[in-house]
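This is start37.txt. It holds compact mmCIF, C-alpha atoms (C1' of nucleotides).
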# COMPACT_ATOMS: atom_id res chain seq x y z
CA MET A 1 199.58 -190.44 12.96
CA ARG A 2 200.62 -186.89 13.64
CA GLU A 3 202.22 -185.96 16.90
CA LEU A 4 200.52 -183.82 19.50
CA THR A 5 202.12 -180.68 20.84
CA ARG A 6 202.12 -180.21 24.57
CA ALA A 7 199.07 -177.94 24.63
CA GLU A 8 197.20 -180.22 22.28
CA GLU A 9 197.98 -183.23 24.40
CA GLN A 10 196.57 -181.53 27.47
CA VAL A 11 193.31 -180.89 25.71
CA MET A 12 193.18 -184.46 24.44
CA GLN A 13 193.76 -185.79 27.94
CA VAL A 14 190.74 -183.84 29.09
CA LEU A 15 188.60 -185.07 26.23
CA TRP A 16 189.69 -188.64 26.80
CA LYS A 17 188.72 -188.25 30.39
CA ILE A 18 185.29 -186.75 29.91
CA LYS A 19 184.57 -188.72 26.72
CA LYS A 20 182.78 -185.80 25.08
CA GLY A 21 182.01 -182.23 25.89
CA PHE A 22 181.60 -178.60 25.01
CA VAL A 23 184.49 -176.23 25.39
CA LYS A 24 183.13 -174.99 28.67
CA ASP A 25 183.03 -178.56 29.98
CA MET A 26 186.65 -179.10 29.04
CA LEU A 27 187.61 -175.86 30.65
CA GLN A 28 186.48 -177.12 34.04
CA HIS A 29 188.91 -180.00 33.91
CA PHE A 30 192.02 -177.89 33.61
CA ASP A 31 194.21 -177.26 36.59
CA GLU A 32 194.81 -173.73 37.74
CA PRO A 33 195.77 -171.54 36.13
CA LYS A 34 193.06 -172.42 33.68
CA PRO A 35 193.60 -171.30 30.10
CA ALA A 36 191.20 -168.84 28.53
CA TYR A 37 188.08 -170.18 26.88
CA ASN A 38 189.36 -169.08 23.49
CA THR A 39 192.63 -170.87 23.98
CA VAL A 40 190.88 -174.18 24.44
CA SER A 41 188.50 -173.40 21.62
CA THR A 42 191.40 -172.72 19.26
CA ILE A 43 193.30 -175.83 20.23
CA VAL A 44 190.33 -178.11 19.88
CA ARG A 45 189.78 -176.77 16.39
CA ILE A 46 193.40 -177.51 15.56
CA LEU A 47 192.90 -181.00 16.90
CA GLN A 48 189.94 -181.30 14.60
CA ASP A 49 192.07 -180.31 11.61
CA LYS A 50 194.63 -182.89 12.60
CA GLY A 51 191.91 -185.52 12.78
CA PHE A 52 192.06 -186.22 16.49
CA VAL A 53 188.66 -184.82 17.26
CA THR A 54 185.29 -184.35 15.66
CA HIS A 55 182.15 -182.55 16.74
CA LYS A 56 178.43 -182.74 16.71
CA ALA A 57 176.69 -179.40 16.24
CA TYR A 58 173.73 -178.35 18.32
CA GLY A 59 172.70 -175.18 16.58
CA ARG A 60 175.76 -173.07 16.82
CA THR A 61 177.46 -174.86 19.67
CA HIS A 62 179.74 -177.83 19.26
CA GLU A 63 180.12 -180.94 21.29
CA TYR A 64 183.55 -182.44 20.75
CA TYR A 65 184.54 -186.08 20.71
CA PRO A 66 187.89 -187.79 20.45
CA VAL A 67 188.30 -189.66 17.19
CA VAL A 68 191.66 -191.10 18.11
CA SER A 69 191.42 -193.07 21.33
CA LYS A 70 193.89 -192.76 24.14
CA ASN A 71 194.95 -196.35 23.50
CA GLU A 72 195.54 -195.76 19.82
CA TYR A 73 197.61 -192.71 20.50
CA SER A 74 199.59 -194.33 23.27
CA LYS A 75 200.33 -197.22 20.96
CA THR A 76 202.04 -195.14 18.30
CA HIS A 77 203.59 -192.94 20.91
CA LEU A 78 205.21 -195.83 22.75
CA SER A 79 206.24 -197.55 19.55
CA THR A 80 208.22 -194.49 18.59
CA PHE A 81 209.78 -194.41 22.01
CA VAL A 82 210.70 -198.09 21.95
CA ASN A 83 212.15 -197.59 18.52
CA ASP A 84 214.25 -194.59 19.50
CA TYR A 85 215.41 -195.75 22.90
CA PHE A 86 215.35 -199.55 22.82
CA SER A 87 216.15 -200.33 19.18
CA ASN A 88 212.57 -201.33 18.65
CA SER A 89 212.59 -204.14 21.19
CA PHE A 90 209.85 -204.28 23.77
CA GLU A 91 211.81 -206.95 25.50
CA LYS A 92 214.77 -204.65 25.98
CA MET A 93 212.54 -201.96 27.33
CA VAL A 94 210.62 -204.12 29.77
CA SER A 95 213.77 -205.87 30.95
CA PHE A 96 215.42 -202.57 31.59
CA PHE A 97 212.59 -201.33 33.75
CA ALA A 98 212.30 -204.63 35.55
CA LYS A 99 215.97 -204.51 36.45
CA GLU A 100 215.68 -200.85 37.41
CA LYS A 101 213.06 -201.88 39.96
CA SER A 102 210.58 -199.50 38.36
CA ILE A 103 208.25 -202.48 38.32
CA SER A 104 207.33 -203.99 41.64
CA VAL A 105 207.40 -207.71 42.36
CA LYS A 106 203.64 -207.68 42.61
CA GLU A 107 203.35 -206.03 39.22
CA MET A 108 205.83 -208.43 37.67
CA GLU A 109 203.93 -211.42 38.94
CA GLU A 110 200.77 -209.97 37.50
CA ILE A 111 202.45 -209.29 34.18
CA MET A 112 203.80 -212.82 34.01
CA LYS A 113 200.36 -214.22 34.64
CA ILE A 114 198.89 -212.19 31.80
CA MET A 115 201.72 -213.10 29.46
CA GLU A 116 201.30 -216.77 30.20
CA GLY A 117 197.69 -216.45 29.19
CA GLU A 118 198.59 -214.57 26.04
CA VAL A 119 201.31 -216.97 25.05
CA LYS A 120 198.98 -219.91 25.51
CA LYS A 121 196.23 -218.23 23.56
CA GLN A 122 198.49 -217.31 20.67
CA LYS A 123 200.02 -220.76 20.51
CA GLU A 124 196.57 -222.33 20.34
CA ASN A 125 195.64 -220.26 17.34
CA ARG A 126 198.05 -221.88 14.93
CA MET B 1 214.77 -183.34 34.54
CA ARG B 2 213.91 -180.92 31.78
CA GLU B 3 212.36 -182.12 28.60
CA LEU B 4 214.15 -182.16 25.28
CA THR B 5 212.72 -180.46 22.22
CA ARG B 6 212.70 -182.40 19.01
CA ALA B 7 215.90 -180.87 17.65
CA GLU B 8 217.64 -181.28 20.96
CA GLU B 9 216.65 -184.90 21.14
CA GLN B 10 218.16 -185.58 17.74
CA VAL B 11 221.46 -184.16 18.83
CA MET B 12 221.37 -186.16 22.04
CA GLN B 13 220.69 -189.36 20.11
CA VAL B 14 223.82 -188.73 18.11
CA LEU B 15 225.90 -188.01 21.18
CA TRP B 16 224.58 -191.10 22.94
CA LYS B 17 225.54 -193.09 19.90
CA ILE B 18 229.07 -191.80 19.48
CA LYS B 19 229.69 -191.39 23.23
CA LYS B 20 231.66 -188.19 22.77
CA GLY B 21 232.65 -185.93 19.93
CA PHE B 22 233.30 -182.57 18.38
CA VAL B 23 230.56 -180.80 16.49
CA LYS B 24 232.00 -181.98 13.21
CA ASP B 25 231.86 -185.59 14.42
CA MET B 26 228.22 -185.22 15.37
CA LEU B 27 227.45 -183.65 12.05
CA GLN B 28 228.50 -186.79 10.22
CA HIS B 29 225.90 -188.85 12.02
CA PHE B 30 222.92 -186.86 10.85
CA ASP B 31 220.76 -188.12 8.04
CA GLU B 32 220.40 -186.06 4.93
CA PRO B 33 219.56 -183.29 4.78
CA LYS B 34 222.24 -182.60 7.35
CA PRO B 35 221.78 -179.45 9.41
CA ALA B 36 224.34 -176.67 9.21
CA TYR B 37 227.38 -176.84 11.45
CA ASN B 38 226.15 -173.81 13.35
CA THR B 39 222.78 -175.35 13.98
CA VAL B 40 224.32 -178.29 15.74
CA SER B 41 226.76 -176.05 17.53
CA THR B 42 223.95 -173.88 18.84
CA ILE B 43 221.84 -176.79 19.97
CA VAL B 44 224.66 -178.53 21.76
CA ARG B 45 225.34 -175.34 23.67
CA ILE B 46 221.67 -175.17 24.66
CA LEU B 47 221.92 -178.77 25.82
CA GLN B 48 224.88 -177.75 27.89
CA ASP B 49 222.86 -174.98 29.55
CA LYS B 50 220.13 -177.47 30.29
CA GLY B 51 222.66 -179.79 31.88
CA PHE B 52 222.42 -182.65 29.42
CA VAL B 53 225.91 -182.23 28.05
CA THR B 54 229.32 -181.04 29.12
CA HIS B 55 232.55 -180.46 27.29
CA LYS B 56 236.25 -180.81 27.57
CA ALA B 57 238.20 -178.01 25.93
CA TYR B 58 241.24 -178.65 23.78
CA GLY B 59 242.49 -175.17 23.27
CA ARG B 60 239.58 -173.48 21.67
CA THR B 61 237.74 -176.52 20.43
CA HIS B 62 235.25 -178.48 22.46
CA GLU B 63 234.65 -182.15 22.80
CA TYR B 64 231.14 -182.81 24.02
CA TYR B 65 229.93 -185.58 26.29
CA PRO B 66 226.49 -186.59 27.44
CA VAL B 67 225.97 -185.99 31.15
CA VAL B 68 222.52 -187.50 31.19
CA SER B 69 222.62 -191.05 29.88
CA LYS B 70 220.15 -192.42 27.42
CA ASN B 71 218.90 -194.78 30.11
CA GLU B 72 218.37 -192.01 32.60
CA TYR B 73 216.48 -189.93 30.10
CA SER B 74 214.39 -192.82 28.88
CA LYS B 75 213.52 -193.62 32.47
CA THR B 76 211.99 -190.24 33.22
CA HIS B 77 210.50 -190.09 29.77
CA LEU B 78 208.71 -193.41 30.11
CA SER B 79 207.65 -192.69 33.67
CA THR B 80 205.86 -189.59 32.48
CA PHE B 81 204.24 -191.58 29.72
CA VAL B 82 203.13 -194.37 32.04
CA ASN B 83 201.79 -191.78 34.40
CA ASP B 84 199.84 -189.90 31.71
CA TYR B 85 198.54 -192.87 29.75
CA PHE B 86 198.39 -195.79 32.17
CA SER B 87 197.64 -194.11 35.50
CA ASN B 88 201.17 -194.75 36.60
CA SER B 89 200.94 -198.52 36.34
CA PHE B 90 203.63 -200.39 34.45
CA GLU B 91 201.49 -203.44 34.71
CA LYS B 92 198.65 -201.78 32.85
CA MET B 93 201.00 -200.62 30.16
CA VAL B 94 202.74 -203.94 29.63
CA SER B 95 199.48 -205.86 29.72
CA PHE B 96 198.01 -203.57 27.16
CA PHE B 97 200.85 -204.08 24.73
CA ALA B 98 200.93 -207.79 25.35
CA LYS B 99 197.26 -208.06 24.49
CA GLU B 100 197.71 -205.80 21.49
CA LYS B 101 200.23 -208.29 20.15
CA SER B 102 202.87 -205.59 20.01
CA ILE B 103 205.03 -208.02 21.92
CA SER B 104 205.81 -211.31 20.25
CA VAL B 105 205.53 -214.66 21.98
CA LYS B 106 209.26 -214.99 21.83
CA GLU B 107 209.71 -211.63 23.50
CA MET B 108 207.13 -212.43 26.14
CA GLU B 109 208.83 -215.67 27.01
CA GLU B 110 212.10 -213.81 27.31
CA ILE B 111 210.52 -211.14 29.49
CA MET B 112 208.99 -213.74 31.77
CA LYS B 113 212.32 -215.44 32.20
CA ILE B 114 213.96 -212.16 33.21
CA MET B 115 211.13 -211.28 35.56
CA GLU B 116 211.32 -214.64 37.25
CA GLY B 117 214.98 -213.97 37.91
CA GLU B 118 214.24 -210.50 39.22
CA VAL B 119 211.40 -211.64 41.44
CA LYS B 120 213.54 -214.36 42.92
CA LYS B 121 216.43 -211.99 43.48
CA GLN B 122 214.29 -209.38 45.14
CA LYS B 123 212.59 -211.92 47.36
CA GLU B 124 215.93 -213.24 48.54
CA ASN B 125 217.03 -209.79 49.64
CA ARG B 126 214.64 -209.47 52.52
C1' DA C 1 254.44 -161.24 9.99
C1' DA C 2 250.75 -162.06 6.70
C1' DT C 3 247.32 -165.18 5.24
C1' DA C 4 244.34 -169.03 5.62
C1' DT C 5 241.66 -172.16 8.38
C1' DA C 6 238.73 -173.83 12.00
C1' DC C 7 235.85 -173.13 15.39
C1' DA C 8 232.96 -171.05 19.37
C1' DA C 9 230.10 -167.37 20.31
C1' DC C 10 226.78 -164.27 19.07
C1' DG C 11 222.74 -162.72 17.13
C1' DA C 12 219.40 -162.12 13.44
C1' DA C 13 215.83 -164.27 10.78
C1' DT C 14 212.38 -167.52 10.40
C1' DA C 15 209.14 -170.92 11.79
C1' DA C 16 206.12 -173.17 14.97
C1' DA C 17 203.34 -173.17 18.95
C1' DT C 18 200.63 -170.87 22.33
C1' DT C 19 197.62 -167.56 24.11
C1' DA C 20 193.90 -164.70 24.11
C1' DG C 21 191.50 -160.45 22.24
C1' DT C 22 188.02 -159.13 18.76
C1' DT C 23 184.22 -159.92 15.84
C1' DA C 24 180.05 -161.88 14.13
C1' DT C 25 176.13 -164.57 14.75
C1' DG C 26 172.47 -166.90 16.83
C1' DC C 27 169.41 -167.46 20.65
C1' DA C 28 166.96 -166.18 24.90
C1' DA C 29 164.71 -162.86 27.84
C1' DC C 30 162.19 -159.06 28.11
C1' DG D 1 162.32 -156.03 17.95
C1' DT D 2 166.00 -154.68 21.18
C1' DT D 3 169.27 -155.99 24.51
C1' DG D 4 172.35 -159.12 26.51
C1' DC D 5 174.71 -163.38 26.58
C1' DA D 6 177.14 -167.43 24.77
C1' DT D 7 179.88 -169.27 21.48
C1' DA D 8 182.55 -170.26 17.08
C1' DA D 9 185.59 -168.22 14.00
C1' DC D 10 189.07 -165.29 12.99
C1' DT D 11 193.18 -162.85 13.83
C1' DA D 12 196.78 -160.53 16.25
C1' DA D 13 200.33 -160.80 19.70
C1' DT D 14 203.54 -163.28 22.18
C1' DT D 15 206.54 -166.86 23.24
C1' DT D 16 209.37 -170.63 22.19
C1' DA D 17 212.10 -173.29 19.04
C1' DT D 18 214.94 -173.73 15.02
C1' DT D 19 218.20 -172.50 11.70
C1' DC D 20 222.16 -170.54 10.08
C1' DG D 21 224.93 -166.22 8.64
C1' DT D 22 228.40 -163.22 10.69
C1' DT D 23 232.08 -162.12 13.66
C1' DG D 24 236.13 -162.60 16.36
C1' DT D 25 239.86 -165.16 17.86
C1' DA D 26 243.23 -168.73 18.14
C1' DT D 27 246.08 -171.67 15.71
C1' DA D 28 248.45 -173.46 11.75
C1' DT D 29 250.84 -172.47 7.26
C1' DT D 30 253.66 -170.04 4.34

Mind turning this structure into structure tokens?
Amino acid sequence: MRELTRAEEQVMQVLWKIKKGFVKDMLQHFDEPKPAYNTVSTIVRILQDKGFVTHKAYGRTHEYYPVVSKNEYSKTHLSTFVNDYFSNSFEKMVSFFAKEKSISVKEMEEIMKIMEGEVKKQKENR
Amino acid sequence: MRELTRAEEQVMQVLWKIKKGFVKDMLQHFDEPKPAYNTVSTIVRILQDKGFVTHKAYGRTHEYYPVVSKNEYSKTHLSTFVNDYFSNSFEKMVSFFAKEKSISVKEMEEIMKIMEGEVKKQKENR
DNA sequence: AATATACAACGAATAAATTAGTTATGCAAC
DNA sequence: GTTGCATAACTAATTTATTCGTTGTATATT
């Protein structure tokens, strides 16, 4: 999957948020200073070329949809990060942030609960 | 902390790996096709302006050091990511990847062990 | 001292990304 | 049908990032 530039990512974030929309709809969801209509229009067409977005035409106006979901994109994005910064080990990454206290006790307890469930589930399926 | 461009990040990865070095040392650690000496030299000076790197001068030649550690940078980097993609919740992020099977059972068990230790430690310190 | 070498600093050239003006077309209102 | 408006497509302009040749200077070599 190709990488998003900063401007492209901003547009994708908006589309992910609103699920679908015309350029003018997207425009509303930008913080001030809002970009020009044409700026968004150009970027969304680039995103279409890159395969992140598609559109449905109503006459001459286009309603855009994400093709790549936020989850899909975050998956490849984080994998690259884990690869580059934690020699491809999720464990290293999570441990680091746990020790750094970036993850609260409450969150850790919640994570452990979910992992227990996952571990059990995956062990059953053998 | 400022963000690194792609080229800058590559140079930082090399510096983080070798701990310190002259431009010619860094150069050796690039994959083919290696960039030109001057390219690396320019980028490392930009990194210096941005505060990611400093140098010790030996006469006229410079030995460069990272000022921002890989851990520090990865921390802000991941925080931004968690913020943008998981509404600032580590728990959401980790759960997602656990369910996606991006994290192996072995890794999860290891993570749980570390978290148990962390939770206990943090609860003691009250 | 003259020459060669190594390197930082500078700056020019190119490439990539971003921004937004201009144009053309279709549709609505009159 | 003419006018005005909305929008996609195109394109130009600008900004930012990347790459590396050129220059100047210090140091080593003879």

Report as a Markdown table: every residue of chain D with an atom at most 12 Å from chain A, its closest pair of atoms, and their distance in Å to one decimal, counting all atoms listed in the file, with rows sorted by chain and ascending residue number.
| residue | atom | partner | partner_atom | distance |
| --- | --- | --- | --- | --- |
| D:DA6 | C1' | A:Thr61 | CA | 9.0 |
| D:DT7 | C1' | A:Thr61 | CA | 6.4 |
| D:DA8 | C1' | A:Thr61 | CA | 7.3 |
| D:DA9 | C1' | A:Thr42 | CA | 9.0 |
| D:DC10 | C1' | A:Thr42 | CA | 10.0 |
| D:DT11 | C1' | A:Thr42 | CA | 11.4 |

B:Asn125, B:Thr80, B:Thr39, B:Ser74: which is nearest chain A, counting all atoms listed in the file?
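Closest candidate: B:Ser74.
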
Give me, as a short mmCIF file (atom, residue, chain, number, x, y, z; two decimals) with C-alpha atoms (C1' of nucleotides), keeping the file's coordinate frame, the contact residues of chain C against chain B at a cut-off of 12 Å, counting all atoms listed in the file.
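Saved to out.cif:
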data_model
loop_
_atom_site.label_atom_id
_atom_site.label_comp_id
_atom_site.auth_asym_id
_atom_site.auth_seq_id
_atom_site.Cartn_x
_atom_site.Cartn_y
_atom_site.Cartn_z
"C1'" DA C 6 238.73 -173.83 12.00
"C1'" DC C 7 235.85 -173.13 15.39
"C1'" DA C 8 232.96 -171.05 19.37
"C1'" DA C 9 230.10 -167.37 20.31
"C1'" DC C 10 226.78 -164.27 19.07
"C1'" DG C 11 222.74 -162.72 17.13
#

Can you work out the spacing between atom C1' of DC20 of chain D and atom C1' of DA12 of chain C in Å, to one decimal?
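Spanning atom C1' of DC20 of chain D to atom C1' of DA12 of chain C is a straight-line distance of 9.5 Å.
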
Against chain B, which residues of chain A fall within 6 Å? For each one I want the closest pair of atoms and the distance in Å (one decimal), counting only C-alpha atoms, rows by chain and increasing residue number, as CSV.
residue,atom,partner,partner_atom,distance
A:Glu91,CA,B:Glu107,CA,5.5
A:Val105,CA,B:Val119,CA,5.7
A:Glu107,CA,B:Glu91,CA,5.5
A:Ile111,CA,B:Glu91,CA,6.0
A:Met112,CA,B:Met112,CA,5.7
A:Val119,CA,B:Val105,CA,5.7

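With atom CA of Glu3 of chain B on one side and atom CA of Tyr65 of chain B on the other, the separation reads 18.1 Å.
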
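Between atom C1' of DC27 of chain C and atom CA of Ala57 of chain A the separation is 14.7 Å.
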
Determine, counting all atoms listed in the file, every residue of protein, DNA or RNA that lies within 10 Å of (201.9, -174.2, 13.5) in the file coordinates, then give the result as an NGL selection string.
(:A and (5 or 46)) or (:C and (15-18))

Produce a file of the selected residues containing C-alpha atoms (C1' of nucleotides), as a CSV table (one decimal), in the frame of the given file.
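And here is the file that came out, part12.csv:
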chain,number,residue,atom,x,y,z
A,5,THR,CA,202.1,-180.7,20.8
A,46,ILE,CA,193.4,-177.5,15.6
C,15,DA,C1',209.1,-170.9,11.8
C,16,DA,C1',206.1,-173.2,15.0
C,17,DA,C1',203.3,-173.2,19.0
C,18,DT,C1',200.6,-170.9,22.3

At a cut-off of 12 Å around the point (244.3, -170.5, 2.9) (file coordinates), what residues fall inside when counting all atoms listed in the file? I'd like the answer as a compact mmCIF listing (two decimals) with C-alpha atoms (C1' of nucleotides), in the coordinates of the input.
# COMPACT_ATOMS: atom_id res chain seq x y z
C1' DA C 2 250.75 -162.06 6.70
C1' DT C 3 247.32 -165.18 5.24
C1' DA C 4 244.34 -169.03 5.62
C1' DT C 5 241.66 -172.16 8.38
C1' DA C 6 238.73 -173.83 12.00
C1' DA D 28 248.45 -173.46 11.75
C1' DT D 29 250.84 -172.47 7.26
C1' DT D 30 253.66 -170.04 4.34

Please list as an MDAnalysis selection string every residue within 12 Å of DA29 of chain C, counting all atoms listed in the file and excluding residues in the same chain fewer than 4 positions away.
chainID D and resid 2:5

Missing atoms in segment 94-109 of chain B should be modelled up to N, CA, C and O atoms and reported as an mmCIF file, in the frame of the given file.
data_model
loop_
_atom_site.group_PDB
_atom_site.id
_atom_site.type_symbol
_atom_site.label_atom_id
_atom_site.label_comp_id
_atom_site.auth_asym_id
_atom_site.auth_seq_id
_atom_site.Cartn_x
_atom_site.Cartn_y
_atom_site.Cartn_z
ATOM 1 N N VAL B 94 202.203 -202.717 30.225
ATOM 2 C CA VAL B 94 202.740 -203.940 29.630
ATOM 3 C C VAL B 94 201.615 -204.878 29.221
ATOM 4 O O VAL B 94 201.643 -205.455 28.129
ATOM 5 N N SER B 95 200.608 -204.998 30.070
ATOM 6 C CA SER B 95 199.480 -205.860 29.720
ATOM 7 C C SER B 95 198.826 -205.396 28.432
ATOM 8 O O SER B 95 198.520 -206.194 27.552
ATOM 9 N N PHE B 96 198.644 -204.104 28.364
ATOM 10 C CA PHE B 96 198.010 -203.570 27.160
ATOM 11 C C PHE B 96 198.769 -203.962 25.905
ATOM 12 O O PHE B 96 198.189 -204.448 24.932
ATOM 13 N N PHE B 97 200.066 -203.785 25.940
ATOM 14 C CA PHE B 97 200.850 -204.080 24.730
ATOM 15 C C PHE B 97 200.974 -205.573 24.480
ATOM 16 O O PHE B 97 201.078 -206.005 23.336
ATOM 17 N N ALA B 98 200.924 -206.342 25.542
ATOM 18 C CA ALA B 98 200.930 -207.790 25.350
ATOM 19 C C ALA B 98 199.646 -208.214 24.631
ATOM 20 O O ALA B 98 199.683 -208.960 23.654
ATOM 21 N N LYS B 99 198.538 -207.697 25.110
ATOM 22 C CA LYS B 99 197.260 -208.060 24.490
ATOM 23 C C LYS B 99 197.125 -207.519 23.080
ATOM 24 O O LYS B 99 196.444 -208.108 22.245
ATOM 25 N N GLU B 100 197.760 -206.401 22.820
ATOM 26 C CA GLU B 100 197.710 -205.800 21.490
ATOM 27 C C GLU B 100 198.606 -206.531 20.502
ATOM 28 O O GLU B 100 198.733 -206.134 19.357
ATOM 29 N N LYS B 101 199.290 -207.537 20.977
ATOM 30 C CA LYS B 101 200.230 -208.290 20.150
ATOM 31 C C LYS B 101 201.398 -207.436 19.641
ATOM 32 O O LYS B 101 201.992 -207.718 18.612
ATOM 33 N N SER B 102 201.687 -206.366 20.367
ATOM 34 C CA SER B 102 202.870 -205.590 20.010
ATOM 35 C C SER B 102 204.112 -206.303 20.508
ATOM 36 O O SER B 102 205.231 -205.965 20.148
ATOM 37 N N ILE B 103 203.907 -207.269 21.370
ATOM 38 C CA ILE B 103 205.030 -208.020 21.920
ATOM 39 C C ILE B 103 204.878 -209.466 21.450
ATOM 40 O O ILE B 103 203.823 -210.079 21.652
ATOM 41 N N SER B 104 205.902 -209.963 20.811
ATOM 42 C CA SER B 104 205.810 -211.310 20.250
ATOM 43 C C SER B 104 205.896 -212.361 21.359
ATOM 44 O O SER B 104 206.347 -212.081 22.471
ATOM 45 N N VAL B 105 205.459 -213.555 21.024
ATOM 46 C CA VAL B 105 205.530 -214.660 21.980
ATOM 47 C C VAL B 105 206.970 -214.862 22.442
ATOM 48 O O VAL B 105 207.238 -215.023 23.631
ATOM 49 N N LYS B 106 207.851 -214.794 21.486
ATOM 50 C CA LYS B 106 209.260 -214.990 21.830
ATOM 51 C C LYS B 106 209.718 -213.934 22.841
ATOM 52 O O LYS B 106 210.369 -214.239 23.846
ATOM 53 N N GLU B 107 209.336 -212.713 22.575
ATOM 54 C CA GLU B 107 209.710 -211.630 23.500
ATOM 55 C C GLU B 107 209.083 -211.822 24.872
ATOM 56 O O GLU B 107 209.725 -211.629 25.898
ATOM 57 N N MET B 108 207.815 -212.241 24.856
ATOM 58 C CA MET B 108 207.130 -212.430 26.140
ATOM 59 C C MET B 108 207.810 -213.522 26.961
ATOM 60 O O MET B 108 208.018 -213.373 28.165
ATOM 61 N N GLU B 109 208.169 -214.582 26.290
ATOM 62 C CA GLU B 109 208.830 -215.670 27.010
ATOM 63 C C GLU B 109 210.152 -215.179 27.610
ATOM 64 O O GLU B 109 210.504 -215.513 28.748
#
